[in-house]
$ cat upload-v9.cif   # mmCIF, C-alpha atoms
data_coords
#
loop_
_atom_site.group_PDB
_atom_site.id
_atom_site.type_symbol
_atom_site.label_atom_id
_atom_site.label_comp_id
_atom_site.auth_asym_id
_atom_site.auth_seq_id
_atom_site.Cartn_x
_atom_site.Cartn_y
_atom_site.Cartn_z
ATOM 1 C CA MET A 858 -13.285 17.584 19.898
ATOM 2 C CA PRO A 859 -11.194 14.543 20.735
ATOM 3 C CA GLU A 860 -12.165 12.718 17.534
ATOM 4 C CA THR A 861 -10.771 15.515 15.395
ATOM 5 C CA LEU A 862 -7.567 15.550 17.424
ATOM 6 C CA ILE A 863 -7.209 11.766 17.112
ATOM 7 C CA PHE A 864 -7.789 11.976 13.370
ATOM 8 C CA TYR A 865 -5.161 14.662 12.895
ATOM 9 C CA ALA A 866 -2.644 12.837 15.095
ATOM 10 C CA LEU A 867 -3.139 9.485 13.367
ATOM 11 C CA SER A 868 -3.168 10.895 9.846
ATOM 12 C CA GLY A 869 -0.116 13.039 10.537
ATOM 13 C CA PHE A 870 1.675 10.002 11.911
ATOM 14 C CA ALA A 871 0.658 7.938 8.877
ATOM 15 C CA ILE A 872 1.814 10.589 6.398
ATOM 16 C CA GLY A 873 5.097 11.119 8.248
ATOM 17 C CA ALA A 874 5.806 7.394 8.417
ATOM 18 C CA SER A 875 4.921 7.000 4.722
ATOM 19 C CA ALA A 876 7.322 9.802 3.822
ATOM 20 C CA MET A 877 10.013 8.098 5.906
ATOM 21 C CA VAL A 878 9.395 4.851 3.994
ATOM 22 C CA ILE A 879 10.339 6.638 0.798
ATOM 23 C CA GLY A 880 13.069 8.767 2.335
ATOM 24 C CA GLN A 881 15.064 6.009 3.999
ATOM 25 C CA ARG A 882 17.974 4.602 2.063
ATOM 26 C CA ASN A 883 18.166 1.442 4.143
ATOM 27 C CA PRO A 884 15.378 -1.014 3.157
ATOM 28 C CA MET A 885 15.237 -2.347 6.719
ATOM 29 C CA TYR A 886 14.228 1.047 8.128
ATOM 30 C CA SER A 887 11.762 1.463 5.264
ATOM 31 C CA VAL A 888 9.978 -1.735 6.269
ATOM 32 C CA MET A 889 9.885 -0.670 9.934
ATOM 33 C CA MET A 890 8.402 2.714 9.001
ATOM 34 C CA LEU A 891 5.817 0.974 6.810
ATOM 35 C CA ILE A 892 4.722 -1.090 9.821
ATOM 36 C CA ALA A 893 4.270 2.148 11.799
ATOM 37 C CA SER A 894 2.243 3.628 8.945
ATOM 38 C CA PHE A 895 -0.005 0.553 8.835
ATOM 39 C CA GLY A 896 -0.563 0.820 12.588
ATOM 40 C CA ALA A 897 -1.732 4.420 12.266
ATOM 41 C CA LEU A 898 -4.025 3.485 9.393
ATOM 42 C CA ALA A 899 -5.509 0.699 11.520
ATOM 43 C CA GLY A 900 -6.329 3.317 14.156
ATOM 44 C CA LEU A 901 -8.093 5.343 11.464
ATOM 45 C CA TYR A 902 -10.137 2.285 10.496
ATOM 46 C CA VAL A 903 -11.241 1.954 14.127
ATOM 47 C CA GLN A 904 -12.333 5.593 13.987
ATOM 48 C CA LEU A 905 -14.306 4.779 10.838
ATOM 49 C CA ASP A 906 -16.244 2.076 12.737
ATOM 50 C CA ALA A 907 -14.509 -0.700 10.806
ATOM 51 C CA PRO A 908 -12.962 -2.860 13.535
ATOM 52 C CA PHE A 909 -12.793 -5.972 11.350
ATOM 53 C CA VAL A 910 -10.780 -4.209 8.645
ATOM 54 C CA ALA A 911 -8.518 -2.718 11.325
ATOM 55 C CA VAL A 912 -7.782 -6.126 12.856
ATOM 56 C CA ALA A 913 -7.259 -7.671 9.410
ATOM 57 C CA GLN A 914 -4.879 -4.826 8.598
ATOM 58 C CA ILE A 915 -2.806 -5.455 11.717
ATOM 59 C CA ILE A 916 -2.757 -9.248 11.424
ATOM 60 C CA ILE A 917 -2.223 -9.571 7.680
ATOM 61 C CA TYR A 918 -0.165 -6.494 6.821
ATOM 62 C CA ALA A 919 1.923 -5.891 9.906
ATOM 63 C CA GLY A 920 1.983 -9.530 10.948
ATOM 64 C CA ALA A 921 2.403 -11.439 7.714
ATOM 65 C CA ILE A 922 3.409 -9.294 4.767
ATOM 66 C CA MET A 923 5.921 -7.153 6.602
ATOM 67 C CA VAL A 924 7.550 -10.189 8.212
ATOM 68 C CA LEU A 925 7.888 -11.598 4.690
ATOM 69 C CA PHE A 926 9.480 -8.343 3.545
ATOM 70 C CA LEU A 927 11.869 -8.305 6.509
ATOM 71 C CA PHE A 928 12.792 -11.918 5.789
ATOM 72 C CA VAL A 929 13.598 -11.143 2.156
ATOM 73 C CA VAL A 930 15.559 -7.987 3.067
ATOM 74 C CA MET A 931 17.702 -9.987 5.471
ATOM 75 C CA LEU A 932 18.000 -12.943 3.081
ATOM 76 C CA LEU A 933 19.253 -10.822 0.220
ATOM 77 C CA ASN A 934 21.474 -8.717 2.468
ATOM 78 C CA ALA A 935 20.038 -5.815 0.512
ATOM 79 C CA PRO A 936 22.592 -3.064 0.197
ATOM 80 C CA LYS A 937 21.879 0.516 1.148
ATOM 81 C CA GLU A 938 21.225 2.617 -1.894
ATOM 82 C CA ASP A 939 24.257 4.783 -2.365
ATOM 83 C CA GLY A 940 24.207 8.440 -3.316
ATOM 84 C CA SER A 941 24.956 7.749 -6.949
ATOM 85 C CA GLU A 942 21.384 6.653 -7.496
ATOM 86 C CA TRP A 943 20.277 10.269 -7.316
ATOM 87 C CA ASP A 944 22.663 11.242 -10.074
ATOM 88 C CA ARG A 945 21.715 13.742 -12.729
ATOM 89 C CA SER A 946 22.066 11.328 -15.601
ATOM 90 C CA HIS A 947 18.938 9.404 -14.731
ATOM 91 C CA PRO A 948 16.239 9.761 -17.411
ATOM 92 C CA LEU A 949 13.762 10.949 -14.778
ATOM 93 C CA ARG A 950 16.007 13.881 -13.841
ATOM 94 C CA GLN A 951 15.859 15.589 -17.220
ATOM 95 C CA PRO A 952 14.366 19.107 -17.124
ATOM 96 C CA ALA A 953 11.343 18.307 -19.259
ATOM 97 C CA VAL A 954 10.364 15.395 -17.044
ATOM 98 C CA VAL A 955 10.848 17.432 -13.875
ATOM 99 C CA ARG A 956 8.754 20.268 -15.279
ATOM 100 C CA LEU A 957 5.948 17.916 -16.295
ATOM 101 C CA GLY A 958 5.987 16.327 -12.821
ATOM 102 C CA GLY A 959 5.911 19.738 -11.153
ATOM 103 C CA LEU A 960 2.995 20.806 -13.323
ATOM 104 C CA LEU A 961 1.031 17.676 -12.445
ATOM 105 C CA ALA A 962 1.798 18.082 -8.729
ATOM 106 C CA SER A 963 0.674 21.723 -8.644
ATOM 107 C CA LEU A 964 -2.448 20.756 -10.585
ATOM 108 C CA LEU A 965 -3.221 18.111 -7.970
ATOM 109 C CA VAL A 966 -2.713 20.615 -5.135
ATOM 110 C CA VAL A 967 -5.035 23.130 -6.832
ATOM 111 C CA GLN A 968 -7.683 20.471 -7.405
ATOM 112 C CA LEU A 969 -7.478 19.237 -3.809
ATOM 113 C CA GLY A 970 -7.733 22.770 -2.463
ATOM 114 C CA TRP A 971 -10.695 23.539 -4.690
ATOM 115 C CA ALA A 972 -12.457 20.342 -3.694
ATOM 116 C CA LEU A 973 -11.895 20.988 0.009
ATOM 117 C CA LEU A 974 -12.934 24.644 -0.159
ATOM 118 C CA SER A 975 -16.071 23.947 -2.163
ATOM 119 C CA ALA A 976 -17.099 21.321 0.386
ATOM 120 C CA ARG A 977 -17.269 23.787 3.292
ATOM 121 C CA GLY A 978 -13.991 22.817 4.893
ATOM 122 C CA LEU A 979 -12.594 19.573 6.178
ATOM 123 C CA GLY A 980 -15.249 19.022 8.787
ATOM 124 C CA GLY A 981 -18.316 19.167 6.563
ATOM 125 C CA GLY A 982 -19.306 15.740 5.382
ATOM 126 C CA VAL A 983 -20.743 15.055 1.960
ATOM 127 C CA ALA A 984 -23.267 12.676 3.398
ATOM 128 C CA ALA A 985 -24.533 12.296 6.889
ATOM 129 C CA PHE A 986 -23.029 9.493 8.927
ATOM 130 C CA GLY A 987 -24.451 6.218 7.745
ATOM 131 C CA ASP A 988 -26.193 3.845 10.050
ATOM 132 C CA ALA A 989 -23.306 2.811 12.287
ATOM 133 C CA GLU A 990 -25.052 -0.296 13.551
ATOM 134 C CA THR A 991 -25.503 -1.842 10.124
ATOM 135 C CA VAL A 992 -22.058 -0.864 8.859
ATOM 136 C CA SER A 993 -19.767 -1.720 11.711
ATOM 137 C CA SER A 994 -21.264 -5.054 12.604
ATOM 138 C CA VAL A 995 -19.014 -7.985 11.783
ATOM 139 C CA ARG A 996 -22.118 -10.132 11.486
ATOM 140 C CA VAL A 997 -23.464 -8.046 8.615
ATOM 141 C CA LEU A 998 -20.051 -8.034 6.963
ATOM 142 C CA GLY A 999 -19.798 -11.814 7.115
ATOM 143 C CA ARG A 1000 -23.351 -12.286 5.904
ATOM 144 C CA VAL A 1001 -22.749 -10.097 2.852
ATOM 145 C CA LEU A 1002 -19.349 -11.694 2.243
ATOM 146 C CA PHE A 1003 -20.714 -15.219 2.206
ATOM 147 C CA SER A 1004 -23.964 -14.572 0.373
ATOM 148 C CA GLU A 1005 -23.673 -11.769 -2.123
ATOM 149 C CA TYR A 1006 -19.948 -11.991 -2.793
ATOM 150 C CA VAL A 1007 -19.424 -15.713 -2.285
ATOM 151 C CA PHE A 1008 -18.170 -16.168 -5.849
ATOM 152 C CA ALA A 1009 -15.547 -13.458 -5.398
ATOM 153 C CA PHE A 1010 -14.605 -15.046 -2.077
ATOM 154 C CA GLU A 1011 -14.048 -18.461 -3.650
ATOM 155 C CA ALA A 1012 -12.182 -16.934 -6.595
ATOM 156 C CA THR A 1013 -9.908 -15.149 -4.128
ATOM 157 C CA SER A 1014 -9.170 -18.393 -2.326
ATOM 158 C CA ILE A 1015 -8.230 -20.076 -5.611
ATOM 159 C CA LEU A 1016 -6.074 -17.072 -6.475
ATOM 160 C CA ILE A 1017 -4.217 -17.355 -3.175
ATOM 161 C CA LEU A 1018 -3.672 -21.076 -3.778
ATOM 162 C CA VAL A 1019 -2.296 -20.365 -7.267
ATOM 163 C CA ALA A 1020 -0.044 -17.630 -5.886
ATOM 164 C CA MET A 1021 1.274 -19.961 -3.194
ATOM 165 C CA VAL A 1022 2.122 -22.664 -5.745
ATOM 166 C CA GLY A 1023 3.666 -20.045 -8.030
ATOM 167 C CA ALA A 1024 5.824 -18.595 -5.261
ATOM 168 C CA VAL A 1025 7.086 -22.053 -4.285
ATOM 169 C CA VAL A 1026 7.881 -22.927 -7.908
ATOM 170 C CA LEU A 1027 9.583 -19.586 -8.556
ATOM 171 C CA ALA A 1028 11.739 -19.580 -5.446
ATOM 172 C CA ARG A 1029 12.756 -23.235 -5.673
ATOM 173 C CA ARG A 1030 16.412 -23.874 -6.352
ATOM 174 C CA GLU A 1031 17.287 -25.372 -9.708
ATOM 175 C CA GLY A 1032 18.132 -29.051 -9.706
ATOM 176 C CA GLU A 1033 16.415 -29.638 -6.397
ATOM 177 C CA GLY A 1034 13.671 -32.251 -6.500
ATOM 178 C CA SER A 1035 11.823 -33.118 -9.688
ATOM 179 C CA MET B 1490 -14.348 14.210 10.569
ATOM 180 C CA GLY B 1491 -15.901 14.492 7.158
ATOM 181 C CA LEU B 1492 -15.405 12.321 4.141
ATOM 182 C CA GLN B 1493 -13.082 14.830 2.461
ATOM 183 C CA ALA B 1494 -10.518 14.543 5.224
ATOM 184 C CA TYR B 1495 -10.142 10.817 4.663
ATOM 185 C CA LEU B 1496 -10.064 11.209 0.889
ATOM 186 C CA THR B 1497 -7.347 13.851 1.193
ATOM 187 C CA LEU B 1498 -5.294 11.587 3.439
ATOM 188 C CA ALA B 1499 -5.703 8.747 0.936
ATOM 189 C CA ALA B 1500 -4.618 10.994 -1.940
ATOM 190 C CA ILE B 1501 -1.517 12.127 -0.044
ATOM 191 C CA VAL B 1502 -0.507 8.568 0.869
ATOM 192 C CA PHE B 1503 -1.119 7.447 -2.725
ATOM 193 C CA CYS B 1504 1.099 10.235 -4.061
ATOM 194 C CA ILE B 1505 3.874 9.331 -1.604
ATOM 195 C CA GLY B 1506 3.685 5.700 -2.718
ATOM 196 C CA LEU B 1507 3.683 6.651 -6.398
ATOM 197 C CA PHE B 1508 6.688 8.911 -5.857
ATOM 198 C CA GLY B 1509 8.507 6.019 -4.193
ATOM 199 C CA VAL B 1510 7.681 3.616 -7.014
ATOM 200 C CA ILE B 1511 8.986 6.084 -9.591
ATOM 201 C CA THR B 1512 12.156 7.261 -7.850
ATOM 202 C CA ARG B 1513 13.480 4.292 -5.875
ATOM 203 C CA ARG B 1514 15.779 1.846 -7.611
ATOM 204 C CA ASN B 1515 15.791 -0.988 -5.124
ATOM 205 C CA THR B 1516 13.207 -3.545 -6.189
ATOM 206 C CA ILE B 1517 12.113 -4.173 -2.601
ATOM 207 C CA SER B 1518 11.546 -0.451 -2.071
ATOM 208 C CA ILE B 1519 9.418 -0.349 -5.224
ATOM 209 C CA LEU B 1520 7.265 -3.138 -3.769
ATOM 210 C CA LEU B 1521 6.944 -1.125 -0.530
ATOM 211 C CA GLY B 1522 5.675 1.839 -2.551
ATOM 212 C CA ILE B 1523 3.078 -0.394 -4.193
ATOM 213 C CA GLU B 1524 1.932 -1.504 -0.724
ATOM 214 C CA LEU B 1525 1.461 2.141 0.269
ATOM 215 C CA MET B 1526 -0.657 2.797 -2.832
ATOM 216 C CA LEU B 1527 -2.858 -0.233 -2.153
ATOM 217 C CA ASN B 1528 -3.371 0.960 1.423
ATOM 218 C CA SER B 1529 -4.552 4.375 0.298
ATOM 219 C CA VAL B 1530 -7.168 2.619 -1.828
ATOM 220 C CA ASN B 1531 -8.267 0.780 1.311
ATOM 221 C CA ILE B 1532 -8.743 4.079 3.155
ATOM 222 C CA ASN B 1533 -10.989 5.279 0.347
ATOM 223 C CA LEU B 1534 -13.048 2.086 0.347
ATOM 224 C CA VAL B 1535 -13.607 2.076 4.104
ATOM 225 C CA ALA B 1536 -14.365 5.814 4.233
ATOM 226 C CA PHE B 1537 -16.939 5.627 1.442
ATOM 227 C CA SER B 1538 -18.446 2.547 3.066
ATOM 228 C CA ARG B 1539 -18.758 4.329 6.398
ATOM 229 C CA PHE B 1540 -20.207 7.551 5.060
ATOM 230 C CA SER B 1541 -22.699 5.916 2.714
ATOM 231 C CA GLY B 1542 -23.868 3.346 5.236
ATOM 232 C CA ASP B 1543 -23.173 0.470 2.851
ATOM 233 C CA VAL B 1544 -21.108 -2.517 3.933
ATOM 234 C CA THR B 1545 -19.916 -3.330 0.398
ATOM 235 C CA GLY B 1546 -16.872 -1.093 0.659
ATOM 236 C CA MET B 1547 -15.575 -2.983 3.666
ATOM 237 C CA VAL B 1548 -16.031 -6.300 1.852
ATOM 238 C CA PHE B 1549 -13.919 -4.966 -0.994
ATOM 239 C CA ALA B 1550 -11.331 -3.668 1.467
ATOM 240 C CA VAL B 1551 -10.976 -7.217 2.808
ATOM 241 C CA PHE B 1552 -10.617 -8.505 -0.758
ATOM 242 C CA THR B 1553 -7.954 -5.866 -1.429
ATOM 243 C CA ILE B 1554 -5.979 -7.024 1.588
ATOM 244 C CA CYS B 1555 -6.146 -10.637 0.349
ATOM 245 C CA ILE B 1556 -5.010 -9.680 -3.155
ATOM 246 C CA THR B 1557 -2.150 -7.683 -1.658
ATOM 247 C CA VAL B 1558 -0.927 -10.794 0.132
ATOM 248 C CA THR B 1559 -0.632 -12.692 -3.141
ATOM 249 C CA GLU B 1560 0.991 -9.710 -4.833
ATOM 250 C CA ALA B 1561 3.623 -9.398 -2.118
ATOM 251 C CA ALA B 1562 4.340 -13.138 -2.032
ATOM 252 C CA LEU B 1563 4.776 -13.424 -5.799
ATOM 253 C CA GLY B 1564 6.718 -10.171 -6.069
ATOM 254 C CA LEU B 1565 9.152 -11.208 -3.377
ATOM 255 C CA ALA B 1566 9.553 -14.652 -4.964
ATOM 256 C CA ILE B 1567 10.463 -12.926 -8.236
ATOM 257 C CA VAL B 1568 12.906 -10.662 -6.363
ATOM 258 C CA ILE B 1569 14.602 -13.695 -4.804
ATOM 259 C CA LEU B 1570 14.804 -15.355 -8.218
ATOM 260 C CA LEU B 1571 16.277 -12.201 -9.763
ATOM 261 C CA PHE B 1572 18.860 -11.972 -7.026
ATOM 262 C CA ARG B 1573 19.822 -15.587 -7.562
ATOM 263 C CA VAL B 1574 20.289 -15.096 -11.307
ATOM 264 C CA ARG B 1575 21.718 -11.570 -11.518
ATOM 265 C CA ARG B 1576 23.216 -11.042 -8.013
ATOM 266 C CA THR B 1577 21.504 -7.662 -7.740
ATOM 267 C CA VAL B 1578 18.106 -6.207 -6.874
ATOM 268 C CA THR B 1579 18.683 -2.774 -8.407
ATOM 269 C CA ALA B 1580 15.980 -2.205 -10.995
ATOM 270 C CA ASP B 1581 18.241 -0.276 -13.383
ATOM 271 C CA GLN B 1582 20.602 -3.199 -13.821
ATOM 272 C CA LEU B 1583 17.827 -5.653 -14.633
ATOM 273 C CA ASP B 1584 17.926 -5.121 -18.387
ATOM 274 C CA LEU B 1585 18.000 -8.729 -19.455
ATOM 275 C CA LEU B 1586 15.409 -8.196 -22.179
ATOM 276 C CA LYS B 1587 17.238 -5.271 -23.766
ATOM 277 C CA GLY B 1588 18.475 -6.312 -27.214
#
$ encode --input "upload-v9.cif" --output "structure tokens"
Amino acid sequence: MPETLIFYALSGFAIGASAMVIGQRNPMYSVMMLIASFGALAGLYVQLDAPFVAVAQIIIYAGAIMVLFLFVVMLLNAPKEDGSEWDRSHPLRQPAVVRLGGLLASLLVVQLGWALLSARGLGGGVAAFGDAETVSSVRVLGRVLFSEYVFAFEATSILILVAMVGAVVLARREGEGS
Amino acid sequence: MGLQAYLTLAAIVFCIGLFGVITRRNTISILLGIELMLNSVNINLVAFSRFSGDVTGMVFAVFTICITVTEAALGLAIVILLFRVRRTVTADQLDLLKG
């Protein structure tokens, strides 16, 4: 089944790139790996019959947000995190904290395994595939967005405006203007 | 693929992002971890939308992407401001409010 193969390839790529984001010491490489992870996730959205979300993901995340991150990383000349940050004296490295984290992680693994096993394996869906025509159509998405959720849409636009003004005010140099 | 596969992928990506937020000390890396967590939520929304045949999940995924833009812009503005005041972006050294 090619779809299964594509899913495993894309999800493996996304998980690997996400792990590299956390594993890299250099923030520049972290941002690059995050772009790769977003690309793989966009491929998964295409597989889920959501082309609009996939394109929005590529344009907004990889195109806008990550460029902003790269710009800030270069602007600040962000230093590589040295080895001393993994020292033993950090409050998160105390034995009780590590044990609690390990317990929670193993609990999560057990729960995930139980959920997957009780659902007849990875391939068995909970629900049948929905009506692909009504879901994937951009026309339906836009109609719902501008009729049922028009208030949320307008609120989001005001929020973005406020955030833009706030970012400009925050990042402005003191004594400049005003 | 079934719904569980996508939910499992989202859970794994969320855990990786949470681990990064907790363990990294560079403020920019913490913001990157938050981006990963928000993306795993998007996977869940789109997967549920696809498998239930309801377009609402995709609408909320688009909203999530928009909110993430504002979050990243404001967070990075705060990081720039912190760097200008304290000359560092390491989260452990930002203890200005400590008495």
$ resolve_selection --input "upload-v9.cif" --expression "the PyMOL selection byres ((chain B) within 6 of (chain A))" --output "PyMOL selection string"
chain B and resi 1490-1492+1494+1509+1540-1542+1544+1559+1563+1566+1570
$ atom_distance --input "upload-v9.cif" --atom1 "atom CA of Arg956 of chain A" --atom2 "atom CA of Ile1501 of chain B"
20.1 Å
$ residues_around --input "upload-v9.cif" --residues "Phe1503 of chain B" --least-positions-apart "2" --cutoff "7 Å" --atoms "all atoms listed in the file" --output "PyMOL selection string"
chain B and resi 1499-1501+1505-1507+1525-1526+1529
$ atom_distance --input "upload-v9.cif" --atom1 "atom CA of Val1578 of chain B" --atom2 "atom CA of Tyr886 of chain A"
17.1 Å
$ atom_distance --input "upload-v9.cif" --atom1 "atom CA of Gly1564 of chain B" --atom2 "atom CA of Ala1580 of chain B"
13.2 Å
$ closest_residue --input "upload-v9.cif" --among "B:Ile1511, B:Val1574, B:Val1551, B:Val1568" --to "Asn1528 of chain B" --atoms "all atoms listed in the file"
B:Val1551
$ residues_around --input "upload-v9.cif" --residues "Leu1585 of chain B" --least-positions-apart "3" --cutoff "12 Å" --atoms "only C-alpha atoms" --output "VMD selection string"
chain B and resid 1571 1574 to 1575 1580 to 1582 1588
